[in-house]
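Right, one structure below, let's go through it.
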Amino acid sequence: MFIGILAGLLTGALWGLTFVAARLVQPFSLFDITIARYAIFGLTCLITMLHPRFRLRGIGIRRAFVGMALGVIGYVGYFVLASQAVLLAGPVVPPLIIGVTPVVLPAIANLIERTIGWKRLAAPLLMIGAGILIVNVELVAKLDVEGQRMMLAGAGCAVAALLVWVIYGIVNSRLMRAENPPSALDWTTLHGFGALAGSLLLIPFSSDAYRTVPTEVLTHFLLWALVLGMAASWLATWCWSIASHRLPLALTAQLIVAETVFGLIFGLSLDGRWPTVSEAAGCLLQIAGVSLAVREFTRRQPA
């Protein structure tokens, strides 16, 4: 269990880099780092296939296509939307909005097949809503009209990223629970190939910053692309598979909140500041609400 917890926390830390990646590589654009990150992710999958253990086996054409499509949606689509949200709205609001994923997914499942009374979810949902509201009210009040528009656009991108992740989570869960599901390594490889294909589609939107920046700036960009492609994509996916295999669902679902925590820590560190009182209170409320909701969804009912 200890190894599973460490793997889950490491996954959260690596995924948290999504919320600062585009800011770390400026003057390169969001599309530049997206292309580089997922090209490296896909190439890493190709290189690992040189070893027999990592080669695809028993994967039909239909399943391979779905796995690659999920790589495009869940990796490239999510990363672009989440990064754009941070660029527009700052480091605090997007992680909080996207951080409700562990609640939204079970809630949708509860709508389809009633497994828990909504009254039991009232308290955690109110905590989550209050946490997001507290942070937003203070931030919006300090902004001018243009700043408020950017904040609204960033929040919209964060909501879109949340919806993309929900769609990915539902489809991915159904496939992994189907008869004879693919192995974690095979699924990671297919996702990597899909992410690579998706990144190539973004090439027309890339900038020409590499022609004008100094060598050390280009080196900095390439190093971060390697970190994001190999660590935050390939390694993080593998670590999450380990956590999911070793830990009960109630615990792995709560570990998803680590992505929000690390995303906030990275974003505030990049700004060189501590959270304000309202930001800290809102974040704690949101994290506590998500954890309580996950507990309600996963605890056993008395006979």
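Labeling convention for the structure tokens: chains A, B, ... as they appear, residues from 1 per chain, ligands from 1 in order of appearance.
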Taking a cut-off of 12 Å and counting only C-alpha atoms, can you build a table that, for each residue of stretch 90-195 of chain A near stretch 20-27 of chain A, reports the nearest atom pair and how far apart they are in Å (one decimal), sorted by chain then residue number, as JSON lines?
{"residue": "A:Gly90", "atom": "CA", "partner": "A:Val20", "partner_atom": "CA", "distance": 9.6}
{"residue": "A:Pro91", "atom": "CA", "partner": "A:Val20", "partner_atom": "CA", "distance": 7.6}
{"residue": "A:Val92", "atom": "CA", "partner": "A:Val20", "partner_atom": "CA", "distance": 10.9}
{"residue": "A:Pro94", "atom": "CA", "partner": "A:Val20", "partner_atom": "CA", "distance": 10.9}
{"residue": "A:Pro95", "atom": "CA", "partner": "A:Val20", "partner_atom": "CA", "distance": 10.5}
* To do: Could you tell me which of A:Leu235, A:Ala161, A:Ile203, A:Leu10 comes closest to A:Gly77 if we count only C-alpha atoms?
  => A:Ala161
* Can you list, as a PyMOL selection string, every residue of stretch 164-284 of chain A that DSSP puts in helix (DSSP H, G or I)? -> chain A and resi 164-176+184-201+203-205+209-211+215-246+249-255+257-271+277-284
* Which of these, A:Gly147, A:Gly282, A:Pro124, A:Gly74, has the shortest distance to A:Gly169 once you count only C-alpha atoms? ->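 Looking only at the distances to A:Gly169, the closest residue turns out to be A:Gly74.
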* Residues at most 9 Å from A:Phe193, counting only C-alpha atoms, excluding those fewer than 6 positions away in the same chain, as a ChimeraX atom specification? -> /A:38-39,41-43,45-46,67-68,71-72
Go ahead and save the picked residues with all heavy atoms, as an mmCIF file, in the first residue's frame.
data_model
loop_
_atom_site.group_PDB
_atom_site.id
_atom_site.type_symbol
_atom_site.label_atom_id
_atom_site.label_comp_id
_atom_site.auth_asym_id
_atom_site.auth_seq_id
_atom_site.Cartn_x
_atom_site.Cartn_y
_atom_site.Cartn_z
ATOM 1 N N TYR A 38 4.002 16.095 -26.495
ATOM 2 C CA TYR A 38 3.355 14.858 -26.907
ATOM 3 C C TYR A 38 4.082 14.165 -28.044
ATOM 4 O O TYR A 38 3.903 12.959 -28.247
ATOM 5 C CB TYR A 38 1.891 15.135 -27.228
ATOM 6 C CG TYR A 38 1.132 15.471 -25.967
ATOM 7 C CD1 TYR A 38 0.563 16.730 -25.781
ATOM 8 C CD2 TYR A 38 1.049 14.557 -24.931
ATOM 9 C CE1 TYR A 38 -0.090 17.051 -24.605
ATOM 10 C CE2 TYR A 38 0.393 14.861 -23.754
ATOM 11 C CZ TYR A 38 -0.168 16.103 -23.589
ATOM 12 O OH TYR A 38 -0.800 16.415 -22.416
ATOM 13 N N ALA A 39 4.919 14.886 -28.762
ATOM 14 C CA ALA A 39 5.817 14.218 -29.703
ATOM 15 C C ALA A 39 6.810 13.358 -28.923
ATOM 16 O O ALA A 39 7.087 12.204 -29.298
ATOM 17 C CB ALA A 39 6.551 15.252 -30.557
ATOM 18 N N PHE A 41 6.315 12.168 -25.875
ATOM 19 C CA PHE A 41 5.528 11.085 -25.277
ATOM 20 C C PHE A 41 5.374 9.937 -26.276
ATOM 21 O O PHE A 41 5.625 8.766 -25.964
ATOM 22 C CB PHE A 41 4.169 11.634 -24.857
ATOM 23 C CG PHE A 41 3.248 10.629 -24.218
ATOM 24 C CD1 PHE A 41 3.729 9.463 -23.629
ATOM 25 C CD2 PHE A 41 1.875 10.846 -24.200
ATOM 26 C CE1 PHE A 41 2.871 8.542 -23.028
ATOM 27 C CE2 PHE A 41 1.007 9.939 -23.610
ATOM 28 C CZ PHE A 41 1.506 8.796 -23.032
ATOM 29 N N GLY A 42 4.962 10.257 -27.507
ATOM 30 C CA GLY A 42 4.787 9.228 -28.518
ATOM 31 C C GLY A 42 6.086 8.540 -28.892
ATOM 32 O O GLY A 42 6.136 7.313 -29.046
ATOM 33 N N LEU A 43 7.162 9.321 -29.018
ATOM 34 C CA LEU A 43 8.461 8.734 -29.350
ATOM 35 C C LEU A 43 8.970 7.847 -28.224
ATOM 36 O O LEU A 43 9.621 6.824 -28.474
ATOM 37 C CB LEU A 43 9.474 9.849 -29.650
ATOM 38 C CG LEU A 43 9.215 10.631 -30.945
ATOM 39 C CD1 LEU A 43 10.187 11.799 -31.049
ATOM 40 C CD2 LEU A 43 9.342 9.718 -32.162
ATOM 41 N N CYS A 45 7.094 6.036 -26.302
ATOM 42 C CA CYS A 45 6.365 4.776 -26.472
ATOM 43 C C CYS A 45 6.973 3.932 -27.590
ATOM 44 O O CYS A 45 7.079 2.706 -27.466
ATOM 45 C CB CYS A 45 4.891 5.060 -26.766
ATOM 46 S SG CYS A 45 3.991 5.810 -25.398
ATOM 47 N N LEU A 46 7.361 4.593 -28.684
ATOM 48 C CA LEU A 46 8.002 3.862 -29.785
ATOM 49 C C LEU A 46 9.326 3.241 -29.351
ATOM 50 O O LEU A 46 9.627 2.089 -29.679
ATOM 51 C CB LEU A 46 8.228 4.810 -30.969
ATOM 52 C CG LEU A 46 7.013 5.146 -31.828
ATOM 53 C CD1 LEU A 46 7.380 6.220 -32.840
ATOM 54 C CD2 LEU A 46 6.504 3.890 -32.545
ATOM 55 N N GLY A 67 -8.195 3.712 -28.332
ATOM 56 C CA GLY A 67 -7.113 4.092 -27.433
ATOM 57 C C GLY A 67 -6.360 5.315 -27.919
ATOM 58 O O GLY A 67 -6.020 6.220 -27.134
ATOM 59 N N MET A 68 -6.101 5.395 -29.210
ATOM 60 C CA MET A 68 -5.416 6.556 -29.771
ATOM 61 C C MET A 68 -6.308 7.796 -29.737
ATOM 62 O O MET A 68 -5.834 8.905 -29.464
ATOM 63 C CB MET A 68 -4.972 6.252 -31.198
ATOM 64 C CG MET A 68 -3.879 5.197 -31.289
ATOM 65 S SD MET A 68 -3.414 4.791 -32.998
ATOM 66 C CE MET A 68 -2.726 6.356 -33.540
ATOM 67 N N GLY A 71 -6.187 9.242 -26.468
ATOM 68 C CA GLY A 71 -4.925 9.960 -26.290
ATOM 69 C C GLY A 71 -5.000 11.373 -26.825
ATOM 70 O O GLY A 71 -4.463 12.314 -26.230
ATOM 71 N N VAL A 72 -5.691 11.531 -27.958
ATOM 72 C CA VAL A 72 -5.862 12.877 -28.529
ATOM 73 C C VAL A 72 -6.735 13.736 -27.625
ATOM 74 O O VAL A 72 -6.399 14.875 -27.293
ATOM 75 C CB VAL A 72 -6.487 12.794 -29.941
ATOM 76 C CG1 VAL A 72 -6.749 14.198 -30.480
ATOM 77 C CG2 VAL A 72 -5.569 12.030 -30.889
#
Please provide the set of residues having any atom within 12 Å of A:His220, restricted to only C-alpha atoms, with same-chain residues fewer than 4 positions apart removed, written as an mmCIF file with all heavy atoms, in the first residue's frame.
data_model
loop_
_atom_site.group_PDB
_atom_site.id
_atom_site.type_symbol
_atom_site.label_atom_id
_atom_site.label_comp_id
_atom_site.auth_asym_id
_atom_site.auth_seq_id
_atom_site.Cartn_x
_atom_site.Cartn_y
_atom_site.Cartn_z
ATOM 1 N N LEU A 24 6.123 28.312 -18.111
ATOM 2 C CA LEU A 24 7.536 28.021 -17.887
ATOM 3 C C LEU A 24 8.372 28.153 -19.157
ATOM 4 O O LEU A 24 9.592 28.304 -19.068
ATOM 5 C CB LEU A 24 7.693 26.597 -17.333
ATOM 6 C CG LEU A 24 7.241 26.372 -15.890
ATOM 7 C CD1 LEU A 24 7.212 24.890 -15.570
ATOM 8 C CD2 LEU A 24 8.167 27.098 -14.917
ATOM 9 N N VAL A 25 7.749 28.076 -20.315
ATOM 10 C CA VAL A 25 8.512 28.019 -21.566
ATOM 11 C C VAL A 25 8.351 29.269 -22.419
ATOM 12 O O VAL A 25 8.747 29.275 -23.582
ATOM 13 C CB VAL A 25 8.106 26.777 -22.390
ATOM 14 C CG1 VAL A 25 8.431 25.498 -21.628
ATOM 15 C CG2 VAL A 25 6.622 26.816 -22.744
ATOM 16 N N GLN A 26 7.763 30.321 -21.891
ATOM 17 C CA GLN A 26 7.661 31.566 -22.668
ATOM 18 C C GLN A 26 9.063 32.077 -23.025
ATOM 19 O O GLN A 26 9.993 31.915 -22.230
ATOM 20 C CB GLN A 26 6.886 32.605 -21.849
ATOM 21 C CG GLN A 26 5.427 32.236 -21.665
ATOM 22 C CD GLN A 26 4.675 33.226 -20.795
ATOM 23 O OE1 GLN A 26 5.255 34.088 -20.153
ATOM 24 N NE2 GLN A 26 3.357 33.105 -20.758
ATOM 25 N N PRO A 27 9.289 32.602 -24.244
ATOM 26 C CA PRO A 27 8.308 33.106 -25.207
ATOM 27 C C PRO A 27 7.729 32.067 -26.165
ATOM 28 O O PRO A 27 7.040 32.432 -27.110
ATOM 29 C CB PRO A 27 9.117 34.133 -25.978
ATOM 30 C CG PRO A 27 10.489 33.550 -26.009
ATOM 31 C CD PRO A 27 10.661 32.903 -24.657
ATOM 32 N N PHE A 28 8.025 30.782 -25.955
ATOM 33 C CA PHE A 28 7.392 29.758 -26.784
ATOM 34 C C PHE A 28 5.902 29.691 -26.454
ATOM 35 O O PHE A 28 5.492 29.908 -25.315
ATOM 36 C CB PHE A 28 8.055 28.403 -26.551
ATOM 37 C CG PHE A 28 9.424 28.299 -27.147
ATOM 38 C CD1 PHE A 28 10.543 28.634 -26.411
ATOM 39 C CD2 PHE A 28 9.598 27.886 -28.452
ATOM 40 C CE1 PHE A 28 11.814 28.553 -26.953
ATOM 41 C CE2 PHE A 28 10.863 27.789 -29.015
ATOM 42 C CZ PHE A 28 11.977 28.130 -28.259
ATOM 43 N N ILE A 33 4.775 24.045 -26.873
ATOM 44 C CA ILE A 33 5.065 23.073 -25.821
ATOM 45 C C ILE A 33 4.149 21.856 -25.928
ATOM 46 O O ILE A 33 4.549 20.732 -25.603
ATOM 47 C CB ILE A 33 4.950 23.732 -24.420
ATOM 48 C CG1 ILE A 33 5.459 22.778 -23.337
ATOM 49 C CG2 ILE A 33 3.531 24.172 -24.130
ATOM 50 C CD1 ILE A 33 6.899 22.348 -23.497
ATOM 51 N N TYR A 210 11.747 29.506 -32.095
ATOM 52 C CA TYR A 210 13.033 28.808 -32.081
ATOM 53 C C TYR A 210 14.068 29.477 -32.994
ATOM 54 O O TYR A 210 15.275 29.258 -32.839
ATOM 55 C CB TYR A 210 12.833 27.348 -32.501
ATOM 56 C CG TYR A 210 12.374 27.168 -33.929
ATOM 57 C CD1 TYR A 210 13.296 26.972 -34.947
ATOM 58 C CD2 TYR A 210 11.022 27.195 -34.263
ATOM 59 C CE1 TYR A 210 12.877 26.810 -36.261
ATOM 60 C CE2 TYR A 210 10.597 27.033 -35.569
ATOM 61 C CZ TYR A 210 11.522 26.841 -36.564
ATOM 62 O OH TYR A 210 11.105 26.691 -37.861
ATOM 63 N N VAL A 213 15.181 32.976 -30.540
ATOM 64 C CA VAL A 213 15.589 32.951 -29.135
ATOM 65 C C VAL A 213 17.045 32.516 -29.009
ATOM 66 O O VAL A 213 17.582 31.801 -29.875
ATOM 67 C CB VAL A 213 14.699 31.998 -28.317
ATOM 68 C CG1 VAL A 213 13.267 32.468 -28.333
ATOM 69 C CG2 VAL A 213 14.815 30.568 -28.845
ATOM 70 N N PRO A 214 17.737 32.935 -27.921
ATOM 71 C CA PRO A 214 19.099 32.476 -27.678
ATOM 72 C C PRO A 214 19.149 30.966 -27.439
ATOM 73 O O PRO A 214 18.132 30.339 -27.118
ATOM 74 C CB PRO A 214 19.497 33.244 -26.404
ATOM 75 C CG PRO A 214 18.556 34.389 -26.328
ATOM 76 C CD PRO A 214 17.283 33.930 -26.949
ATOM 77 N N THR A 215 20.327 30.398 -27.579
ATOM 78 C CA THR A 215 20.492 28.948 -27.440
ATOM 79 C C THR A 215 20.058 28.459 -26.069
ATOM 80 O O THR A 215 19.431 27.400 -25.944
ATOM 81 C CB THR A 215 21.960 28.559 -27.679
ATOM 82 O OG1 THR A 215 22.360 29.017 -28.970
ATOM 83 C CG2 THR A 215 22.135 27.054 -27.595
ATOM 84 N N GLU A 216 20.384 29.239 -24.997
ATOM 85 C CA GLU A 216 20.027 28.786 -23.652
ATOM 86 C C GLU A 216 18.512 28.756 -23.442
ATOM 87 O O GLU A 216 17.995 27.901 -22.716
ATOM 88 C CB GLU A 216 20.675 29.683 -22.591
ATOM 89 C CG GLU A 216 20.329 31.165 -22.690
ATOM 90 C CD GLU A 216 21.306 31.938 -23.546
ATOM 91 O OE1 GLU A 216 21.997 31.300 -24.373
ATOM 92 O OE2 GLU A 216 21.389 33.165 -23.377
ATOM 93 N N TRP A 224 12.264 21.210 -20.649
ATOM 94 C CA TRP A 224 10.923 21.123 -20.093
ATOM 95 C C TRP A 224 10.039 20.217 -20.951
ATOM 96 O O TRP A 224 9.163 19.514 -20.430
ATOM 97 C CB TRP A 224 10.304 22.510 -19.960
ATOM 98 C CG TRP A 224 10.628 23.147 -18.645
ATOM 99 C CD1 TRP A 224 11.423 24.225 -18.414
ATOM 100 C CD2 TRP A 224 10.183 22.699 -17.357
ATOM 101 N NE1 TRP A 224 11.496 24.487 -17.064
ATOM 102 C CE2 TRP A 224 10.739 23.573 -16.403
ATOM 103 C CE3 TRP A 224 9.354 21.663 -16.922
ATOM 104 C CZ2 TRP A 224 10.508 23.432 -15.027
ATOM 105 C CZ3 TRP A 224 9.127 21.505 -15.551
ATOM 106 C CH2 TRP A 224 9.695 22.386 -14.633
ATOM 107 N N ALA A 225 10.245 20.227 -22.258
ATOM 108 C CA ALA A 225 9.484 19.329 -23.120
ATOM 109 C C ALA A 225 9.791 17.868 -22.779
ATOM 110 O O ALA A 225 8.890 17.014 -22.766
ATOM 111 C CB ALA A 225 9.803 19.613 -24.589
ATOM 112 N N LEU A 226 11.062 17.574 -22.489
ATOM 113 C CA LEU A 226 11.451 16.221 -22.086
ATOM 114 C C LEU A 226 10.802 15.836 -20.759
ATOM 115 O O LEU A 226 10.305 14.719 -20.596
ATOM 116 C CB LEU A 226 12.976 16.125 -21.975
ATOM 117 C CG LEU A 226 13.752 16.034 -23.282
ATOM 118 C CD1 LEU A 226 15.253 16.179 -23.021
ATOM 119 C CD2 LEU A 226 13.469 14.699 -23.977
ATOM 120 N N VAL A 227 10.827 16.758 -19.795
ATOM 121 C CA VAL A 227 10.220 16.486 -18.491
ATOM 122 C C VAL A 227 8.728 16.206 -18.638
ATOM 123 O O VAL A 227 8.190 15.244 -18.067
ATOM 124 C CB VAL A 227 10.459 17.677 -17.531
ATOM 125 C CG1 VAL A 227 9.624 17.519 -16.266
ATOM 126 C CG2 VAL A 227 11.929 17.791 -17.181
#
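Atom CA of A:Val294 lies 6.5 Å from atom CA of A:Val103.
In terms of minimum interatomic distance to A:Arg53, A:Asp186 ranks closest within A:Asp186, A:Glu179, A:Glu138, A:Asp208, counting only C-alpha atoms.
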* To do: For A:Leu162, please output as a PyMOL selection string all residues within 9 Å (counting only C-alpha atoms; exclusion window: fewer than 3 positions along the same chain).
  => chain A and resi 78+82+97-101+104+157-159+165-167
* Which polymer residues have any atom within 12 Å of an atom of A:Phe2, counting only C-alpha atoms, with same-chain residues fewer than 3 positions away left out, as a list in words? -> Ile5, Leu6, Ala7, Gly8, Leu9, Ile242, Ala243, Arg246, Leu247 and Leu251 of chain A
* atom CA of A:Ile3 and atom CA of A:Gly192, how far apart in Å? ->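 Separating atom CA of A:Gly192 from atom CA of A:Ile3 is a distance of 24.8 Å.
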